file run12.txt (compact mmCIF, C-alpha atoms)
# COMPACT_ATOMS: atom_id res chain seq x y z
CA MET A 1 -28.51 41.28 -7.08
CA LYS A 2 -30.12 39.17 -4.36
CA LYS A 3 -30.77 36.38 -6.86
CA ALA A 4 -27.16 36.40 -8.01
CA PHE A 5 -25.93 36.33 -4.40
CA ARG A 6 -28.32 33.49 -3.58
CA ALA A 7 -27.20 31.51 -6.64
CA LEU A 8 -23.56 32.03 -5.68
CA PHE A 9 -24.29 30.91 -2.12
CA ILE A 10 -26.06 27.77 -3.34
CA LEU A 11 -23.20 26.97 -5.70
CA LEU A 12 -20.63 27.49 -2.95
CA PHE A 13 -22.66 25.37 -0.53
CA PHE A 14 -22.91 22.62 -3.16
CA TRP A 15 -19.15 22.49 -3.74
CA LEU A 16 -18.35 22.65 -0.03
CA SER A 17 -20.79 19.82 0.65
CA LEU A 18 -19.28 17.80 -2.17
CA ALA A 19 -15.77 18.47 -0.89
CA LEU A 20 -16.81 17.40 2.61
CA TYR A 21 -18.20 14.16 1.21
CA PHE A 22 -15.05 13.75 -0.87
CA THR A 23 -12.72 14.13 2.12
CA ASN A 24 -14.91 11.80 4.18
CA ARG A 25 -14.46 9.19 1.47
CA ILE A 26 -10.69 9.60 1.72
CA MET A 27 -10.37 9.72 5.50
CA TYR A 28 -13.02 7.15 6.34
CA MET A 29 -13.11 4.94 3.26
CA LYS A 30 -15.45 2.03 3.91
CA LYS A 31 -13.46 -1.05 4.85
CA LYS A 32 -14.24 -4.61 3.90
CA ASP A 33 -15.83 -6.73 6.60
CA GLU A 34 -13.06 -8.67 8.34
CA ASN A 35 -15.05 -11.90 8.30
CA PHE A 36 -15.55 -11.46 4.55
CA ILE A 37 -11.79 -11.14 4.04
CA LEU A 38 -11.17 -14.20 6.19
CA LYS A 39 -13.75 -16.31 4.34
CA ARG A 40 -12.58 -15.10 0.92
CA GLU A 41 -8.96 -16.04 1.56
CA LYS A 42 -9.89 -19.39 3.11
CA ASP A 43 -12.32 -20.33 0.32
CA ALA A 44 -9.72 -19.43 -2.33
CA GLY A 45 -7.13 -21.64 -0.63
CA ARG A 46 -4.81 -18.72 0.00
CA TYR A 47 -5.12 -18.99 3.79
CA ASN A 48 -5.19 -22.25 5.70
CA PRO A 49 -5.65 -21.37 9.40
CA ASP A 50 -4.35 -24.71 10.67
CA GLU A 51 -1.19 -24.56 8.56
CA PHE A 52 -0.52 -20.90 9.29
CA ASP A 53 -1.21 -21.18 13.02
CA SER A 54 1.16 -24.15 13.26
CA LEU A 55 4.09 -21.95 12.21
CA PRO A 56 6.33 -20.45 14.93
CA GLN A 57 4.95 -16.97 15.42
CA ARG A 58 4.09 -14.29 17.92
CA GLU A 59 1.79 -11.32 18.03
CA VAL A 60 3.57 -7.99 18.37
CA ASP A 61 2.27 -4.60 19.52
CA ILE A 62 4.32 -1.77 18.00
CA PRO A 63 3.64 1.80 19.19
CA SER A 64 2.89 4.20 16.35
CA PRO A 65 4.46 7.67 16.55
CA PHE A 66 0.87 8.95 16.35
CA GLY A 67 -0.22 7.42 19.64
CA TYR A 68 -2.01 4.20 18.70
CA THR A 69 -0.89 0.58 18.56
CA ILE A 70 0.07 -1.22 15.34
CA LYS A 71 -0.91 -4.88 15.54
CA ALA A 72 1.55 -7.22 13.81
CA VAL A 73 2.38 -10.91 13.59
CA LEU A 74 5.99 -12.06 13.31
CA VAL A 75 6.28 -15.49 11.67
CA GLU A 76 9.67 -17.18 12.10
CA PRO A 77 9.91 -20.79 10.91
CA HIS A 78 13.49 -20.36 9.67
CA GLU A 79 16.82 -19.81 11.40
CA THR A 80 17.78 -16.89 9.19
CA SER A 81 18.40 -13.16 9.15
CA ARG A 82 16.25 -12.78 6.00
CA TYR A 83 12.89 -11.10 6.61
CA ILE A 84 10.03 -9.73 4.53
CA ILE A 85 7.51 -7.11 5.68
CA ILE A 86 4.12 -7.20 3.93
CA THR A 87 2.00 -4.03 3.66
CA HIS A 88 -1.63 -4.56 2.61
CA GLY A 89 -3.94 -2.37 0.55
CA VAL A 90 -6.73 -0.04 1.63
CA THR A 91 -9.86 -1.77 3.04
CA GLU A 92 -7.89 -5.01 3.61
CA THR A 93 -6.22 -6.50 6.72
CA LYS A 94 -3.11 -8.53 7.46
CA ILE A 95 -5.09 -11.67 6.57
CA ASN A 96 -4.79 -10.57 2.93
CA SER A 97 -1.00 -10.40 3.43
CA ILE A 98 -0.69 -14.07 4.38
CA LYS A 99 -0.63 -15.28 0.76
CA TYR A 100 2.40 -13.07 0.08
CA ALA A 101 4.02 -14.06 3.37
CA ASN A 102 3.64 -17.72 2.38
CA LEU A 103 5.36 -17.00 -0.94
CA PHE A 104 8.42 -15.75 0.92
CA LEU A 105 8.26 -18.32 3.72
CA GLU A 106 8.62 -20.96 0.98
CA ARG A 107 11.77 -19.13 -0.16
CA GLY A 108 13.46 -19.19 3.22
CA PHE A 109 12.37 -15.82 4.58
CA ASN A 110 10.68 -15.06 7.86
CA ALA A 111 7.77 -12.63 7.62
CA LEU A 112 6.12 -9.76 9.45
CA ILE A 113 2.54 -8.87 8.57
CA TYR A 114 0.58 -6.03 10.15
CA ASP A 115 -2.62 -4.00 9.99
CA HIS A 116 -2.36 -0.43 8.72
CA ARG A 117 -3.79 2.37 10.86
CA ARG A 118 -7.59 2.26 11.01
CA HIS A 119 -7.54 -1.29 9.63
CA GLY A 120 -7.93 -4.65 11.30
CA GLU A 121 -6.76 -4.60 14.91
CA SER A 122 -4.58 -1.49 14.65
CA GLY A 123 -5.60 1.88 16.04
CA GLY A 124 -5.82 5.20 14.25
CA LYS A 125 -8.81 7.29 13.22
CA THR A 126 -8.16 8.06 9.54
CA THR A 127 -6.69 6.58 6.39
CA SER A 128 -4.20 8.81 4.56
CA PHE A 129 -3.18 6.56 1.62
CA GLY A 130 0.47 6.55 2.56
CA HIS A 131 1.09 9.90 4.22
CA TYR A 132 0.88 8.82 7.86
CA GLU A 133 1.23 5.14 6.98
CA LYS A 134 4.81 5.64 5.78
CA PHE A 135 5.84 6.76 9.27
CA ASP A 136 4.22 3.65 10.73
CA LEU A 137 6.17 1.53 8.25
CA LYS A 138 9.40 3.21 9.33
CA THR A 139 8.51 2.42 12.93
CA ILE A 140 7.99 -1.24 12.01
CA VAL A 141 11.28 -1.41 10.09
CA ASP A 142 13.11 0.21 13.00
CA TRP A 143 11.53 -2.19 15.48
CA LEU A 144 12.45 -5.26 13.41
CA LYS A 145 16.04 -4.11 12.90
CA LYS A 146 16.42 -3.45 16.62
CA GLU A 147 14.88 -6.83 17.42
CA LYS A 148 16.94 -8.86 14.94
CA GLY A 149 20.22 -7.01 14.83
CA PRO A 150 22.40 -5.19 12.30
CA ASN A 151 22.86 -8.12 9.91
CA LEU A 152 19.18 -8.23 8.95
CA GLU A 153 18.51 -8.79 5.24
CA LEU A 154 15.19 -7.09 4.64
CA GLY A 155 12.63 -6.88 1.87
CA ILE A 156 9.28 -5.08 1.80
CA HIS A 157 6.29 -6.15 -0.31
CA GLY A 158 3.38 -3.76 -0.75
CA GLU A 159 0.01 -4.06 -2.47
CA SER A 160 -1.92 -1.02 -3.76
CA MET A 161 -1.94 1.60 -0.97
CA GLY A 162 0.63 -0.57 0.81
CA ALA A 163 2.87 -0.34 -2.25
CA ALA A 164 2.51 3.45 -2.40
CA THR A 165 3.23 3.62 1.34
CA MET A 166 6.36 1.54 0.84
CA LEU A 167 7.64 3.74 -1.99
CA LEU A 168 6.96 6.90 0.03
CA TYR A 169 8.83 5.40 2.98
CA ALA A 170 11.82 4.45 0.82
CA GLY A 171 11.85 7.67 -1.21
CA LEU A 172 11.06 10.22 1.50
CA LEU A 173 12.20 8.80 4.84
CA GLU A 174 14.93 6.21 4.27
CA ASP A 175 15.87 3.60 1.71
CA GLY A 176 15.93 1.17 4.61
CA ALA A 177 15.30 -2.20 2.97
CA ASP A 178 17.50 -4.30 0.71
CA PHE A 179 14.74 -4.72 -1.88
CA TYR A 180 11.13 -3.76 -2.58
CA ILE A 181 8.20 -5.29 -4.45
CA ALA A 182 5.55 -2.74 -5.45
CA ASP A 183 2.32 -4.43 -6.55
CA CYS A 184 -0.17 -2.04 -8.27
CA PRO A 185 0.78 1.26 -6.59
CA PHE A 186 -0.54 4.64 -7.67
CA SER A 187 2.18 7.00 -8.83
CA ASP A 188 0.53 10.21 -7.63
CA PHE A 189 -2.47 10.50 -5.28
CA LYS A 190 -3.75 13.72 -6.84
CA GLU A 191 -3.65 12.17 -10.30
CA GLN A 192 -5.33 9.01 -8.99
CA LEU A 193 -8.12 11.00 -7.36
CA ALA A 194 -8.62 13.06 -10.53
CA TYR A 195 -9.02 9.85 -12.52
CA LEU A 196 -11.56 8.42 -10.04
CA ILE A 197 -13.53 11.68 -9.86
CA LYS A 198 -13.95 11.65 -13.64
CA LYS A 199 -14.60 7.90 -13.77
CA ASP A 200 -16.97 7.46 -10.83
CA PHE A 201 -18.55 10.90 -10.29
CA LYS A 202 -18.48 12.30 -13.85
CA LEU A 203 -17.22 15.62 -12.46
CA ILE A 204 -14.42 17.96 -13.46
CA PRO A 205 -11.61 17.27 -10.95
CA GLY A 206 -10.11 20.72 -11.41
CA LEU A 207 -13.07 22.18 -9.51
CA LEU A 208 -13.32 19.66 -6.70
CA LEU A 209 -9.69 18.83 -5.93
CA PRO A 210 -8.54 22.29 -4.71
CA ILE A 211 -11.51 22.64 -2.32
CA GLY A 212 -11.16 19.03 -1.19
CA ASP A 213 -7.44 19.45 -0.61
CA THR A 214 -8.01 22.56 1.50
CA LEU A 215 -10.54 20.71 3.65
CA LEU A 216 -8.21 17.72 3.95
CA ARG A 217 -5.38 19.96 5.15
CA LEU A 218 -7.71 21.43 7.77
CA ARG A 219 -9.21 18.11 8.84
CA ASP A 220 -6.30 15.64 8.61
CA LYS A 221 -3.27 17.96 8.44
CA TYR A 222 -1.76 16.91 5.12
CA SER A 223 -2.12 17.68 1.43
CA ILE A 224 -2.86 15.18 -1.31
CA ARG A 225 0.00 16.81 -3.24
CA ASN A 226 2.44 15.35 -0.72
CA VAL A 227 1.34 11.75 -1.42
CA SER A 228 3.31 11.27 -4.61
CA PRO A 229 5.58 8.23 -5.03
CA ILE A 230 6.59 9.40 -8.52
CA SER A 231 8.13 12.56 -7.03
CA VAL A 232 10.50 10.57 -4.79
CA ILE A 233 11.10 7.37 -6.77
CA GLU A 234 14.54 8.56 -7.93
CA ASN A 235 15.70 8.54 -4.30
CA ILE A 236 15.33 4.75 -4.05
CA LYS A 237 18.65 3.12 -4.83
CA HIS A 238 17.87 -0.48 -3.84
CA PRO A 239 16.18 -2.90 -6.29
CA VAL A 240 12.46 -2.57 -6.96
CA LEU A 241 10.20 -5.12 -8.66
CA PHE A 242 7.14 -3.35 -10.09
CA ILE A 243 4.01 -5.46 -10.65
CA HIS A 244 0.64 -4.52 -12.16
CA SER A 245 -2.28 -6.26 -13.84
CA GLN A 246 -2.75 -5.13 -17.41
CA LYS A 247 -6.55 -5.06 -16.96
CA ASP A 248 -6.53 -2.96 -13.80
CA ASP A 249 -9.08 -0.15 -14.24
CA PHE A 250 -8.93 1.19 -10.66
CA ILE A 251 -5.25 2.15 -10.58
CA LEU A 252 -4.13 2.18 -14.19
CA PRO A 253 -1.03 0.15 -15.14
CA THR A 254 0.40 3.26 -16.79
CA MET A 255 1.13 4.50 -13.27
CA THR A 256 3.42 1.57 -12.57
CA LYS A 257 5.04 1.98 -15.98
CA GLU A 258 5.80 5.62 -15.14
CA LEU A 259 7.28 4.62 -11.78
CA PHE A 260 9.41 1.96 -13.45
CA GLU A 261 10.70 4.44 -16.04
CA GLN A 262 11.60 7.03 -13.39
CA LYS A 263 13.31 4.55 -11.06
CA LYS A 264 17.09 4.66 -11.39
CA GLY A 265 19.31 1.68 -10.78
CA PRO A 266 18.25 -1.98 -10.37
CA LYS A 267 14.62 -2.66 -11.25
CA MET A 268 12.26 -5.11 -12.95
CA LEU A 269 8.74 -4.84 -14.35
CA TYR A 270 6.05 -7.53 -14.55
CA LEU A 271 2.67 -6.79 -16.17
CA ALA A 272 0.28 -9.64 -15.37
CA ALA A 273 -1.98 -10.82 -18.18
CA ASN A 274 -4.97 -11.68 -16.00
CA GLY A 275 -6.91 -10.04 -13.20
CA ARG A 276 -7.95 -6.54 -12.30
CA HIS A 277 -6.84 -4.40 -9.38
CA ALA A 278 -4.66 -6.21 -6.82
CA GLN A 279 -5.35 -9.54 -8.51
CA SER A 280 -1.98 -10.20 -10.15
CA PHE A 281 -1.05 -12.88 -7.62
CA ASN A 282 -4.53 -14.37 -7.35
CA GLU A 283 -4.99 -14.74 -11.11
CA ASN A 284 -1.38 -15.46 -12.13
CA PRO A 285 0.19 -17.31 -9.17
CA ALA A 286 2.75 -19.34 -11.14
CA ASP A 287 3.98 -16.39 -13.20
CA TYR A 288 4.01 -14.18 -10.11
CA ALA A 289 6.20 -16.65 -8.24
CA ARG A 290 8.46 -17.07 -11.26
CA VAL A 291 9.03 -13.32 -11.58
CA VAL A 292 9.71 -12.98 -7.85
CA ASP A 293 12.28 -15.78 -8.15
CA GLU A 294 13.94 -14.08 -11.11
CA PHE A 295 14.08 -10.81 -9.20
CA LEU A 296 15.52 -12.40 -6.07
CA GLN A 297 18.09 -14.38 -8.05
CA LYS A 298 19.15 -11.32 -10.00
CA TYR A 299 19.35 -8.74 -7.23
CA VAL A 300 19.13 -10.43 -3.83
CA GLN A 301 20.42 -14.01 -3.89
CA GLN A 302 23.54 -13.30 -5.87
CA PRO A 303 26.25 -15.97 -5.72
CA MET A 304 29.33 -15.28 -3.62
CA PRO A 305 32.44 -14.36 -5.66
CA ASN A 306 35.15 -17.05 -5.96

call {"tool": "encode", "arguments": {"input": "run12.txt", "output": "structure tokens"}}
result
Amino acid sequence: MKKAFRALFILLFFWLSLALYFTNRIMYMKKKDENFILKREKDAGRYNPDEFDSLPQREVDIPSPFGYTIKAVLVEPHETSRYIIITHGVTETKINSIKYANLFLERGFNALIYDHRRHGESGGKTTSFGHYEKFDLKTIVDWLKKEKGPNLELGIHGESMGAATMLLYAGLLEDGADFYIADCPFSDFKEQLAYLIKKDFKLIPGLLLPIGDTLLRLRDKYSIRNVSPISVIENIKHPVLFIHSQKDDFILPTMTKELFEQKKGPKMLYLAANGRHAQSFNENPADYARVVDEFLQKYVQQPMPN
């Protein structure tokens, strides 16, 4: 009897320890070194500090509803009411958003880039893969609309976690932009974690996920079941351009296909031939720009009726 009790205790301790490690990986996922991001983008020619710094811009501190400061940069070279907000992926910073901002600056938009909570210069203690981040995005949208007035024409571009955050914002809180571009989002956080547990840890997710979710609810006050863009995608009425690399093995392109299929109303889908996760723009810049142009011309820059 004692041996059976001891074995049960050891097994329980093992799974609790694994769940603790699992939730630590979620809440405190190791970020890329900021100097590495800066050097990577500069060396690839996607960020030219002299050119970018020469643009009319200002740093903005936006208070998060959770008590920290969101650090943003508002770039305004154009006399226009057309703006794009760029939301970066997990482990990245707003420096990674500059390449997308430049894409829209070239098309007559002004741009706002910012660091997610616990990334770059922004505050915040944990990463929640869209749960808390969606409220920060709403705060940023609200701030920009208040700053620029009621005639603002707004788009939001998100990459990876930033794309999931954007879809959660639009589907759960408010469909507050005129268009969205979702680059390699996951469709459901629980499903994404299950895939990574099997792929990276060679474990059965059905055993780890319930314990991990319970710990996450205790430690960070939300459930992974609530981080599900696919469950709210039907609420988004404005146009969405879905983008994914066909060779992505971190977030599978089938997730974007499912989101595209479930989205009602105006939408487009672009599956990039080259590149892995979050590399659609980097590896297919001309095609990426072409598809964005087609999307804007079809749904955003429509000609005025005669």

call {"tool": "atom_distance", "arguments": {"input": "run12.txt", "atom1": "atom CA of A:Thr139", "atom2": "atom CA of A:Gly155"}}
result
15.0 Å

call {"tool": "residues_near_point", "arguments": {"input": "run12.txt", "point": "(1.6, -4.7, 1.7)", "cutoff": "7 Å", "atoms": "all atoms listed in the file", "output": "PyMOL selection string"}}
result
chain A and resi 86-89+97+157-159+162-163

call {"tool": "write_last_selection", "arguments": {"input": "run12.txt", "atoms": "C-alpha atoms", "output": "compact mmCIF listing (two decimals), in the coordinates of the input"}}
result
# COMPACT_ATOMS: atom_id res chain seq x y z
CA ILE A 86 4.12 -7.20 3.93
CA THR A 87 2.00 -4.03 3.66
CA HIS A 88 -1.63 -4.56 2.61
CA GLY A 89 -3.94 -2.37 0.55
CA SER A 97 -1.00 -10.40 3.43
CA HIS A 157 6.29 -6.15 -0.31
CA GLY A 158 3.38 -3.76 -0.75
CA GLU A 159 0.01 -4.06 -2.47
CA GLY A 162 0.63 -0.57 0.81
CA ALA A 163 2.87 -0.34 -2.25

call {"tool": "closest_residue", "arguments": {"input": "run12.txt", "among": "A:Leu103, A:Ile70, A:Val227, A:Val75", "to": "A:Arg117", "atoms": "only C-alpha atoms"}}
result
A:Ile70

call {"tool": "atom_distance", "arguments": {"input": "run12.txt", "atom1": "atom CA of A:Glu147", "atom2": "atom CA of A:Gln57"}}
result
14.3 Å

call {"tool": "atom_distance", "arguments": {"input": "run12.txt", "atom1": "atom CA of A:Pro205", "atom2": "atom CA of A:Ser128"}}
result
19.2 Å

call {"tool": "residues_around", "arguments": {"input": "run12.txt", "residues": "A:Met161", "least_positions_apart": "3", "cutoff": "7 Å", "atoms": "only C-alpha atoms", "output": "list in words"}}
result
Gly89, Val90, Phe129, Gly130, Ala164, Thr165 and Pro185 of chain A

call {"tool": "axis_aligned_box", "arguments": {"input": "run12.txt", "around": "stretch 236-253 of chain A", "padding_each_side": "6 Å", "output": "JSON"}}
result
{"center_x": 4.8, "center_y": -0.8, "center_z": -10.6, "size_x": 39.7, "size_y": 23.0, "size_z": 25.6}

call {"tool": "closest_residue", "arguments": {"input": "run12.txt", "among": "A:Ile224, A:Leu218, A:Leu271, A:Ile251", "to": "A:Leu20", "atoms": "all atoms listed in the file"}}
result
A:Leu218

call {"tool": "closest_atom_pairs", "arguments": {"input": "run12.txt", "of": "stretch 87-168 of chain A", "to": "stretch 38-53 of chain A", "cutoff": "9 Å", "atoms": "only C-alpha atoms", "output": "JSON lines"}}
result
{"residue": "A:Ile95", "atom": "CA", "partner": "A:Leu38", "partner_atom": "CA", "distance": 6.6}
{"residue": "A:Asn96", "atom": "CA", "partner": "A:Glu41", "partner_atom": "CA", "distance": 7.0}
{"residue": "A:Ile98", "atom": "CA", "partner": "A:Tyr47", "partner_atom": "CA", "distance": 6.6}
{"residue": "A:Lys99", "atom": "CA", "partner": "A:Arg46", "partner_atom": "CA", "distance": 5.5}
{"residue": "A:Asn102", "atom": "CA", "partner": "A:Phe52", "partner_atom": "CA", "distance": 8.7}

call {"tool": "closest_residue", "arguments": {"input": "run12.txt", "among": "A:His78, A:Lys134, A:Arg217, A:Arg225", "to": "A:Phe109", "atoms": "all atoms listed in the file"}}
result
A:His78

call {"tool": "closest_residue", "arguments": {"input": "run12.txt", "among": "A:Pro210, A:Gly123, A:Pro266, A:Gly108", "to": "A:Arg82", "atoms": "only C-alpha atoms"}}
result
A:Gly108

call {"tool": "closest_atom_pairs", "arguments": {"input": "run12.txt", "of": "stretch 123-220 of chain A", "to": "stretch 229-233 of chain A", "cutoff": "7 Å", "atoms": "all atoms listed in the file", "output": "Markdown table"}}
result
| residue | atom | partner | partner_atom | distance |
| --- | --- | --- | --- | --- |
| A:Ala164 | CA | A:Pro229 | CA | 6.3 |
| A:Leu167 | CA | A:Pro229 | CA | 5.8 |
| A:Leu168 | CA | A:Pro229 | CA | 5.4 |
| A:Gly171 | CA | A:Val232 | CA | 4.8 |
| A:Leu172 | CA | A:Val232 | CA | 6.3 |
| A:Ser187 | CA | A:Ile230 | CA | 5.0 |
| A:Asp188 | CA | A:Pro229 | CA | 6.0 |

call {"tool": "residues_near_point", "arguments": {"input": "run12.txt", "point": "(-11.0, -9.7, 8.7)", "cutoff": "7 Å", "atoms": "only C-alpha atoms", "output": "PyMOL selection string"}}
result
chain A and resi 33-38+93+95+120

call {"tool": "residues_around", "arguments": {"input": "run12.txt", "residues": "stretch 27-30 of chain A", "least_positions_apart": "3", "cutoff": "9 Å", "atoms": "all atoms listed in the file", "output": "list of chain:residue names"}}
result
A:Phe22, A:Thr23, A:Asn24, A:Val90, A:Thr91, A:Arg118, A:Lys125, A:Thr126, A:Thr127, A:Ser128, A:Phe129, A:Leu216, A:Asp220

call {"tool": "closest_residue", "arguments": {"input": "run12.txt", "among": "A:Thr254, A:Gln262, A:Ser245, A:Gln301", "to": "A:Asn274", "atoms": "all atoms listed in the file"}}
result
A:Ser245

call {"tool": "residues_around", "arguments": {"input": "run12.txt", "residues": "A:Leu208", "least_positions_apart": "4", "cutoff": "12 Å", "atoms": "all atoms listed in the file", "output": "list in words"}}
result
Leu12, Phe14, Trp15, Leu16, Ser17, Leu18, Ala19, Leu20, Tyr21, Phe22, Thr23, Lys190, Leu193, Ala194, Leu196, Ile197, Lys198, Phe201, Lys202, Leu203, Ile204, Gly212, Asp213, Thr214, Leu215 and Leu216 of chain A

call {"tool": "build_atoms", "arguments": {"input": "run12.txt", "residues": "stretch 146-160 of chain A", "atoms": "N, CA and C atoms", "output": "PDB file, in the coordinates of the input"}}
result
ATOM      1  N   LYS A 146      15.957  -3.437  15.233  1.00  0.00           N
ATOM      2  CA  LYS A 146      16.420  -3.450  16.620  1.00  0.00           C
ATOM      3  C   LYS A 146      16.258  -4.832  17.230  1.00  0.00           C
ATOM      4  N   GLU A 147      15.173  -5.503  16.875  1.00  0.00           N
ATOM      5  CA  GLU A 147      14.880  -6.830  17.420  1.00  0.00           C
ATOM      6  C   GLU A 147      15.833  -7.890  16.889  1.00  0.00           C
ATOM      7  N   LYS A 148      16.189  -7.789  15.600  1.00  0.00           N
ATOM      8  CA  LYS A 148      16.940  -8.860  14.940  1.00  0.00           C
ATOM      9  C   LYS A 148      18.397  -8.532  14.667  1.00  0.00           C
ATOM     10  N   GLY A 149      18.804  -7.318  14.932  1.00  0.00           N
ATOM     11  CA  GLY A 149      20.220  -7.010  14.830  1.00  0.00           C
ATOM     12  C   GLY A 149      20.635  -6.387  13.514  1.00  0.00           C
ATOM     13  N   PRO A 150      21.904  -5.968  13.442  1.00  0.00           N
ATOM     14  CA  PRO A 150      22.400  -5.190  12.300  1.00  0.00           C
ATOM     15  C   PRO A 150      22.589  -5.992  11.016  1.00  0.00           C
ATOM     16  N   ASN A 151      22.616  -7.313  11.108  1.00  0.00           N
ATOM     17  CA  ASN A 151      22.860  -8.120   9.910  1.00  0.00           C
ATOM     18  C   ASN A 151      21.571  -8.553   9.214  1.00  0.00           C
ATOM     19  N   LEU A 152      20.472  -7.895   9.550  1.00  0.00           N
ATOM     20  CA  LEU A 152      19.180  -8.230   8.950  1.00  0.00           C
ATOM     21  C   LEU A 152      19.202  -7.974   7.446  1.00  0.00           C
ATOM     22  N   GLU A 153      18.721  -8.964   6.678  1.00  0.00           N
ATOM     23  CA  GLU A 153      18.510  -8.790   5.240  1.00  0.00           C
ATOM     24  C   GLU A 153      17.012  -8.635   5.027  1.00  0.00           C
ATOM     25  N   LEU A 154      16.601  -7.457   4.584  1.00  0.00           N
ATOM     26  CA  LEU A 154      15.190  -7.090   4.640  1.00  0.00           C
ATOM     27  C   LEU A 154      14.613  -6.757   3.274  1.00  0.00           C
ATOM     28  N   GLY A 155      13.416  -7.287   3.021  1.00  0.00           N
ATOM     29  CA  GLY A 155      12.630  -6.880   1.870  1.00  0.00           C
ATOM     30  C   GLY A 155      11.275  -6.379   2.334  1.00  0.00           C
ATOM     31  N   ILE A 156      10.637  -5.555   1.513  1.00  0.00           N
ATOM     32  CA  ILE A 156       9.280  -5.080   1.800  1.00  0.00           C
ATOM     33  C   ILE A 156       8.428  -5.309   0.561  1.00  0.00           C
ATOM     34  N   HIS A 157       7.265  -5.917   0.765  1.00  0.00           N
ATOM     35  CA  HIS A 157       6.290  -6.150  -0.310  1.00  0.00           C
ATOM     36  C   HIS A 157       5.045  -5.337   0.004  1.00  0.00           C
ATOM     37  N   GLY A 158       4.586  -4.551  -0.951  1.00  0.00           N
ATOM     38  CA  GLY A 158       3.380  -3.760  -0.750  1.00  0.00           C
ATOM     39  C   GLY A 158       2.380  -3.961  -1.863  1.00  0.00           C
ATOM     40  N   GLU A 159       1.097  -3.939  -1.495  1.00  0.00           N
ATOM     41  CA  GLU A 159       0.010  -4.060  -2.470  1.00  0.00           C
ATOM     42  C   GLU A 159      -0.830  -2.796  -2.442  1.00  0.00           C
ATOM     43  N   SER A 160      -1.044  -2.172  -3.598  1.00  0.00           N
ATOM     44  CA  SER A 160      -1.920  -1.020  -3.760  1.00  0.00           C
ATOM     45  C   SER A 160      -1.485   0.122  -2.844  1.00  0.00           C
TER      46      SER A 160
END
